[in-house]
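See structure below.
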Amino acid sequence: MPAPSVAPPPSRTAGRAASAVVRATAALTRLRRGRLVHPAGRSFAGEVHFWGTSGPPTGVGLLDDPGRYPATVRLSKGVPTPGGWPDVLGLAVRVHCPGRPFDLLVSSSGAAPVLRNLPLPRRRFAGTYSTIMCYQAGRRRLWLAALADPDSVDLGRSLAAAAAATRADAPRLVLAVASAVGPWRPIGQVSIGAQLSAREDAALAFDPVRNLPPGLRATGPLAWLREQTYRGSRRGRGATVQSGGSDATTV
């Protein structure tokens with residue numbers, strides 16, 4: 001299956017800009033000897049259960065049709081700040097669906113239409129996470145999110161607390177979709193299971209631009225920038241767009 005991609009405008013200037021971003025990101029990644037962004041994190045086996053969309057379909061079969069899939073889940077801190085200090089928190093979910101996996105990467109944000117476009121620091125791992133950048137599905141512009149599940153065990157304020165929560169229960173977050181100004185519509189949930197080893201976490205590499213289901217495409221300048229930075233980061237780490245991940249469901 002061809003990899004979805006966001007290409008810059010077909011010009012020499014854009015090509016040089018892309019190469020410069022990739023080279024700079026790769027160099028910084030090698031200097032850091034690890035992930036350039038969200039370096040501190042814990043990875044887990046998990047499961048994604050799509051309920052199907054309520055109301056108008058998105059036009060993306062994976063989101064519109066009910067189904068269960070094994071997943072790999074990573075919780076992370078962006079800077080990272082110490083312990084439970086405020087930080088831009090990250091949630092990465094690799095859905096192991098047939099063909100190319102679906103990598104959903106969301107950052108702590110507000111739930112309101114304007115705030116869902118901004119990464120916002122917070123203390124707790126349970127809360128609203130948004131894709132920040134938008135996707136295109138046909139003529140529709142979509143945002144995806146993971147929302148707090150009020151019936152789930154709390155994930156706490158630190159990575160250690162989040163890991164402890166997975167040993168006591170299977171924490172859950174609600175997956176949702178929205179238009180630019182519309183409310184979030186729940187479409188499923190992600191359950192977080194057994195923690196993976198530090199080696200498995202280090203090998204894991206996501207790509208929120210290329211690893212998308214049929215019918216969904218990342219768009220806009222932010223998507224272009226993320227494509228180049230993730231490519232450079234993988235190059236600096238010697239990883240690929242499908243590196244790592246556990247397809248065993250243990251929740």
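If you're wondering about the labels, chains in the structure tokens are A, B, ... by order shown, residues count from 1 in each chain, ligands from 1 in order shown.
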
DSSP on the backbone: what in region 13-211 of chain A comes out alpha helix (DSSP H), as an NGL selection string?
:A and (13-32 or 61-64 or 159-168 or 198-203)

Report the closest atom pair, with its distance in Å rounded to one decimal, for each residue of region 78-187 of chain A that has an atom no farther than 8 Å from region 51-58 of chain A; count only C-alpha atoms, sort by chain and then rising residue number, and write it as a Markdown table.
```
| residue | atom | partner | partner_atom | distance |
| --- | --- | --- | --- | --- |
| A:Ala137 | CA | A:Thr58 | CA | 6.7 |
| A:Arg140 | CA | A:Thr58 | CA | 7.6 |
| A:Arg185 | CA | A:Ser54 | CA | 7.0 |
| A:Pro186 | CA | A:Thr53 | CA | 7.3 |
| A:Ile187 | CA | A:Thr53 | CA | 5.1 |
```

Calculated over only C-alpha atoms, which of the candidates A:Arg157, A:Arg167, A:His38, A:Arg172 has the smallest distance to Ala205 (chain A)?
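Looking at the shortest contact to Ala205 (chain A), the residue is A:His38.
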
Residue contacts of Phe125 (chain A) (9 Å, only C-alpha atoms) excluding same-chain residues fewer than 5 positions away, as a list in words:
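Selected residues are Leu75, Leu89, Gly90, Leu91, Ser108, Ala148, Asp154, Leu155, Gly156, Arg157, Ser158, Leu159 and Ala162 of chain A.
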
Write the residues of the selection above to a file with N, CA and C atoms, as a PDB file, in the first residue's frame.
```
ATOM      1  N   LEU A  75       2.793   6.805  26.407  1.00  0.00           N
ATOM      2  CA  LEU A  75       2.558   8.041  27.146  1.00  0.00           C
ATOM      3  C   LEU A  75       3.896   8.733  27.337  1.00  0.00           C
ATOM      4  N   LEU A  89       1.973  16.975  27.477  1.00  0.00           N
ATOM      5  CA  LEU A  89       1.939  15.520  27.544  1.00  0.00           C
ATOM      6  C   LEU A  89       1.559  14.937  26.190  1.00  0.00           C
ATOM      7  N   GLY A  90       2.066  13.749  25.912  1.00  0.00           N
ATOM      8  CA  GLY A  90       1.801  13.119  24.633  1.00  0.00           C
ATOM      9  C   GLY A  90       1.206  11.731  24.785  1.00  0.00           C
ATOM     10  N   LEU A  91       0.337  11.384  23.860  1.00  0.00           N
ATOM     11  CA  LEU A  91      -0.224  10.037  23.748  1.00  0.00           C
ATOM     12  C   LEU A  91      -0.063   9.594  22.303  1.00  0.00           C
ATOM     13  N   SER A 108      -1.515  17.066  24.742  1.00  0.00           N
ATOM     14  CA  SER A 108      -2.434  17.697  25.688  1.00  0.00           C
ATOM     15  C   SER A 108      -2.862  19.061  25.149  1.00  0.00           C
ATOM     16  N   ALA A 148     -10.629  12.082  28.318  1.00  0.00           N
ATOM     17  CA  ALA A 148     -10.680  11.366  29.587  1.00  0.00           C
ATOM     18  C   ALA A 148     -11.955  10.522  29.665  1.00  0.00           C
ATOM     19  N   ASP A 154      -7.584   6.362  37.214  1.00  0.00           N
ATOM     20  CA  ASP A 154      -6.825   7.583  36.939  1.00  0.00           C
ATOM     21  C   ASP A 154      -5.394   7.247  36.541  1.00  0.00           C
ATOM     22  N   LEU A 155      -4.856   7.964  35.564  1.00  0.00           N
ATOM     23  CA  LEU A 155      -3.479   7.748  35.102  1.00  0.00           C
ATOM     24  C   LEU A 155      -2.446   8.508  35.928  1.00  0.00           C
ATOM     25  N   GLY A 156      -2.888   9.424  36.786  1.00  0.00           N
ATOM     26  CA  GLY A 156      -1.963  10.099  37.676  1.00  0.00           C
ATOM     27  C   GLY A 156      -1.232  11.266  37.037  1.00  0.00           C
ATOM     28  N   ARG A 157      -0.192  11.734  37.771  1.00  0.00           N
ATOM     29  CA  ARG A 157       0.542  12.935  37.363  1.00  0.00           C
ATOM     30  C   ARG A 157       1.946  12.648  36.859  1.00  0.00           C
ATOM     31  N   SER A 158       2.383  11.420  36.858  1.00  0.00           N
ATOM     32  CA  SER A 158       3.745  11.108  36.433  1.00  0.00           C
ATOM     33  C   SER A 158       3.736   9.832  35.610  1.00  0.00           C
ATOM     34  N   LEU A 159       4.829   9.603  34.882  1.00  0.00           N
ATOM     35  CA  LEU A 159       4.944   8.373  34.101  1.00  0.00           C
ATOM     36  C   LEU A 159       4.939   7.155  35.014  1.00  0.00           C
ATOM     37  N   ALA A 162       1.376   6.494  35.974  1.00  0.00           N
ATOM     38  CA  ALA A 162       0.641   5.919  34.846  1.00  0.00           C
ATOM     39  C   ALA A 162       0.964   4.439  34.695  1.00  0.00           C
TER      40      ALA A 162
END
```

With distances taken over only C-alpha atoms, which of A:Gly61, A:Gly15, A:Pro150, A:Gly41 is nearest to Asp201 (chain A)?
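Looking at the shortest contact to Asp201 (chain A), the residue is A:Gly41.
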
Counting only C-alpha atoms, which residue out of A:Ala170, A:Gly215, A:Gly83, A:Arg139 sits closest to Val153 (chain A)?
A:Ala170

DSSP strand (DSSP E) residues within region 9-202 of chain A, as number ranges by chain
A: 40-50, 67-77, 89-95, 102-108, 129-130, 135-137, 140-148, 172-178, 185-195

Tell me, in Å to one decimal, how far CA of Arg217 (chain A) is from CA of Cys134 (chain A).
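Those two atoms sit 8.8 Å apart.
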